[in-house]
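Novice: Next up is a structure, given as structure tokens.
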Amino acid sequence: MDLGVQLFGVLYNTDRTEEAALAELKALGYDFVEPCIALDPIPGMEKVFWPVDSLPERFALLRRLGLWVSSAHIAAAAPLNTHAETLCALADNYGIRAFVVKTPRDADDCALHGASIAWLTVADALAAHGASLLIHNEAADIAAKRDGKTLCEHMLDLCQGRVGLQVDVGWAMAGGEPPLAFLRRNRDLVKSVHFKE
């Protein structure tokens, strides 16, 4: 089992240099980190959401520190399927095995179906490169319901078992769902878990 740290909070809440923050994680005994990658620019957030063109330098730093990446959160302004080629290249070049997305904030049926079609295109492309696409739940997509299921599970249904799940147990609880029940109900699709203290 790989144990790692999601880098959003680590890099967002620090005045230290990126290298110092990452070196501290290594000193604490972690071998894996999960960065956030911006497929489209996110002005002002480059410290936390790493632009694709900054990855060669940043992954070289990770390797130098003895830190590895098996999964990464991704953010995109354009539909995700427009980035399928880039994601496949990231899987090949950096060994990333899972790319993690969040349920669309616009929760109308049209937006959800559009996202699921884009995600399926990406999931199928990544599978050919030994990688997968995962949904990371938030409190809002647990609290919201569609046809008696959480919005997150509704998205999983739309993705026909071809997109997996990264369960954030803290956000599941905040959304009103007992984490163990949620994990058990979706065990066939759970590929990784986020714990919060």
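Labels for the structure tokens follow display order: chains A, B, ..., residues from 1 in each chain, ligands from 1.
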What's around region 108-110 of chain A at 12 Å? Count only C-alpha atoms, leave out sequence neighbours fewer than 6 positions away in its own chain, and write the answer as number ranges by chain.

Specialist: A: 116-117, 144-147, 151, 154-155, 158

Novice: Emit the selected residues as a PDB file, in the first residue's frame, including N, CA and C atoms.

Specialist:
ATOM      1  N   SER A 116     -19.462  13.383 -18.093  1.00  0.00           N
ATOM      2  CA  SER A 116     -19.253  11.929 -18.127  1.00  0.00           C
ATOM      3  C   SER A 116     -18.768  11.469 -19.504  1.00  0.00           C
ATOM      4  N   ILE A 117     -19.279  12.069 -20.558  1.00  0.00           N
ATOM      5  CA  ILE A 117     -18.818  11.704 -21.909  1.00  0.00           C
ATOM      6  C   ILE A 117     -17.343  12.071 -22.079  1.00  0.00           C
ATOM      7  N   ALA A 144     -25.669  16.301  -2.171  1.00  0.00           N
ATOM      8  CA  ALA A 144     -26.651  16.387  -3.265  1.00  0.00           C
ATOM      9  C   ALA A 144     -27.048  14.984  -3.707  1.00  0.00           C
ATOM     10  N   LYS A 145     -28.303  14.824  -4.064  1.00  0.00           N
ATOM     11  CA  LYS A 145     -28.813  13.500  -4.439  1.00  0.00           C
ATOM     12  C   LYS A 145     -29.413  13.525  -5.838  1.00  0.00           C
ATOM     13  N   ARG A 146     -29.270  12.394  -6.530  1.00  0.00           N
ATOM     14  CA  ARG A 146     -29.910  12.149  -7.822  1.00  0.00           C
ATOM     15  C   ARG A 146     -30.454  10.724  -7.787  1.00  0.00           C
ATOM     16  N   ASP A 147     -31.746  10.576  -7.976  1.00  0.00           N
ATOM     17  CA  ASP A 147     -32.380   9.254  -8.014  1.00  0.00           C
ATOM     18  C   ASP A 147     -32.008   8.407  -6.805  1.00  0.00           C
ATOM     19  N   LEU A 151     -24.694  12.484  -5.596  1.00  0.00           N
ATOM     20  CA  LEU A 151     -24.319  12.985  -6.916  1.00  0.00           C
ATOM     21  C   LEU A 151     -23.024  12.320  -7.393  1.00  0.00           C
ATOM     22  N   HIS A 154     -23.942   8.992  -8.682  1.00  0.00           N
ATOM     23  CA  HIS A 154     -24.638   9.184  -9.954  1.00  0.00           C
ATOM     24  C   HIS A 154     -23.623   9.355 -11.092  1.00  0.00           C
ATOM     25  N   MET A 155     -22.571  10.142 -10.838  1.00  0.00           N
ATOM     26  CA  MET A 155     -21.515  10.315 -11.851  1.00  0.00           C
ATOM     27  C   MET A 155     -20.812   8.990 -12.131  1.00  0.00           C
ATOM     28  N   LEU A 158     -22.967   7.099 -14.462  1.00  0.00           N
ATOM     29  CA  LEU A 158     -22.883   7.618 -15.827  1.00  0.00           C
ATOM     30  C   LEU A 158     -21.595   7.169 -16.517  1.00  0.00           C
TER      31      LEU A 158
END

Novice: Please provide as a PyMOL selection string all residues within 8 Å of region 67-72 of chain A, with the sequence filter that same-chain residues fewer than 2 positions apart are discarded (counting only C-alpha atoms).

Specialist: chain A and resi 26+30-37+62-65+74+94-100

Novice: Limited to N, CA and C atoms, could you put the picked residues into a file as an mmCIF file, in the first residue's frame?

Specialist:
data_model
loop_
_atom_site.group_PDB
_atom_site.id
_atom_site.type_symbol
_atom_site.label_atom_id
_atom_site.label_comp_id
_atom_site.auth_asym_id
_atom_site.auth_seq_id
_atom_site.Cartn_x
_atom_site.Cartn_y
_atom_site.Cartn_z
ATOM 1 N N LYS A 26 9.553 14.310 3.055
ATOM 2 C CA LYS A 26 10.463 13.170 2.956
ATOM 3 C C LYS A 26 11.062 12.857 4.326
ATOM 4 N N TYR A 30 7.541 10.092 4.314
ATOM 5 C CA TYR A 30 6.686 9.850 3.150
ATOM 6 C C TYR A 30 7.539 9.607 1.913
ATOM 7 N N ASP A 31 7.053 8.722 1.059
ATOM 8 C CA ASP A 31 7.717 8.446 -0.220
ATOM 9 C C ASP A 31 6.894 8.930 -1.408
ATOM 10 N N PHE A 32 5.585 9.111 -1.195
ATOM 11 C CA PHE A 32 4.696 9.480 -2.291
ATOM 12 C C PHE A 32 4.004 10.810 -1.990
ATOM 13 N N VAL A 33 3.821 11.607 -3.030
ATOM 14 C CA VAL A 33 3.047 12.838 -2.932
ATOM 15 C C VAL A 33 2.043 12.866 -4.078
ATOM 16 N N GLU A 34 0.964 13.596 -3.880
ATOM 17 C CA GLU A 34 -0.066 13.729 -4.907
ATOM 18 C C GLU A 34 -0.215 15.207 -5.235
ATOM 19 N N PRO A 35 0.422 15.665 -6.318
ATOM 20 C CA PRO A 35 0.323 17.082 -6.693
ATOM 21 C C PRO A 35 -0.988 17.394 -7.399
ATOM 22 N N CYS A 36 -1.238 18.690 -7.537
ATOM 23 C CA CYS A 36 -2.338 19.186 -8.361
ATOM 24 C C CYS A 36 -1.710 19.751 -9.636
ATOM 25 N N ILE A 37 -2.231 19.357 -10.774
ATOM 26 C CA ILE A 37 -1.703 19.794 -12.068
ATOM 27 C C ILE A 37 -2.765 20.599 -12.800
ATOM 28 N N LEU A 62 11.355 16.388 -7.275
ATOM 29 C CA LEU A 62 10.787 15.261 -6.533
ATOM 30 C C LEU A 62 11.727 14.061 -6.565
ATOM 31 N N ARG A 63 12.248 13.745 -7.754
ATOM 32 C CA ARG A 63 13.171 12.602 -7.858
ATOM 33 C C ARG A 63 14.416 12.828 -7.019
ATOM 34 N N ARG A 64 14.935 14.048 -7.045
ATOM 35 C CA ARG A 64 16.134 14.373 -6.270
ATOM 36 C C ARG A 64 15.887 14.172 -4.768
ATOM 37 N N LEU A 65 14.669 14.449 -4.326
ATOM 38 C CA LEU A 65 14.322 14.298 -2.913
ATOM 39 C C LEU A 65 13.891 12.873 -2.556
ATOM 40 N N ILE A 74 -6.160 16.863 -11.155
ATOM 41 C CA ILE A 74 -6.053 17.695 -12.354
ATOM 42 C C ILE A 74 -7.195 18.703 -12.388
ATOM 43 N N TYR A 94 5.923 10.445 -16.646
ATOM 44 C CA TYR A 94 6.145 10.573 -15.202
ATOM 45 C C TYR A 94 5.633 9.384 -14.394
ATOM 46 N N GLY A 95 5.082 8.397 -15.051
ATOM 47 C CA GLY A 95 4.613 7.211 -14.331
ATOM 48 C C GLY A 95 3.371 7.446 -13.495
ATOM 49 N N ILE A 96 2.601 8.479 -13.814
ATOM 50 C CA ILE A 96 1.372 8.743 -13.067
ATOM 51 C C ILE A 96 0.342 7.681 -13.471
ATOM 52 N N ARG A 97 -0.187 6.983 -12.476
ATOM 53 C CA ARG A 97 -1.111 5.880 -12.744
ATOM 54 C C ARG A 97 -2.571 6.266 -12.566
ATOM 55 N N ALA A 98 -2.838 7.389 -11.872
ATOM 56 C CA ALA A 98 -4.225 7.818 -11.672
ATOM 57 C C ALA A 98 -4.307 9.334 -11.719
ATOM 58 N N PHE A 99 -5.276 9.817 -12.477
ATOM 59 C CA PHE A 99 -5.562 11.241 -12.552
ATOM 60 C C PHE A 99 -6.927 11.470 -11.909
ATOM 61 N N VAL A 100 -7.010 12.468 -11.042
ATOM 62 C CA VAL A 100 -8.179 12.638 -10.183
ATOM 63 C C VAL A 100 -8.919 13.925 -10.538
#

Novice: Pick out the residues sitting within 8 Å of His136 (chain A), and hand them over as a ChimeraX atom specification; count only C-alpha atoms, and ignore anything fewer than 5 positions along from it in its own chain.

Specialist: /A:100-103,165-168

Novice: Give the answer as one residue: which of A:Thr17, A:Thr121, A:Asn186, A:Thr86 has the shortest atom-to-atom distance to Arg162 (chain A), using only C-alpha atoms?

Specialist: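 For Arg162 (chain A), the nearest of the candidates is A:Thr121.
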
Novice: Please measure the separation of CA of Gly130 (chain A) and CA of Leu25 (chain A), giving the value in Å to one decimal.

Specialist: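 Atom-to-atom, CA of Gly130 (chain A) to CA of Leu25 (chain A), that is 27.4 Å.
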
Novice: Find the residue from A:Leu189, A:Ala38, A:Leu90, A:Leu22 that sits nearest to Ile135 (chain A); use only C-alpha atoms when measuring.

Specialist: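 For Ile135 (chain A), the nearest of the candidates is A:Leu189.
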
Novice: Need to verify the contact set: Leu11 (chain A), 12 Å, only C-alpha atoms, exclusion of same-chain residues closer than 3 positions in sequence. Can you return it as an MDAnalysis selection string?

Specialist: chainID A and resid 5:8 14:22 24:25 33:36 45:50

Novice: Write out as a PyMOL selection string each polymer residue whose atoms come within 9 Å of Ala139 (chain A), counting only C-alpha atoms; drop sequence neighbours fewer than 4 positions from it.

Specialist: chain A and resi 143-144+168+170-177

Novice: Could you check which of A:Asp92, A:Asn81, A:Asp106, A:Lys149 is closest to Ala118 (chain A), using only C-alpha atoms?

Specialist: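 Of the candidates, the smallest distance to Ala118 (chain A) is held by A:Asn81.
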
Novice: Could you check which of A:Ala78, A:Leu39, A:Ala23, A:Val122 is closest to Leu61 (chain A), using only C-alpha atoms?

Specialist: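 The closest residue to Leu61 (chain A) is A:Ala23.
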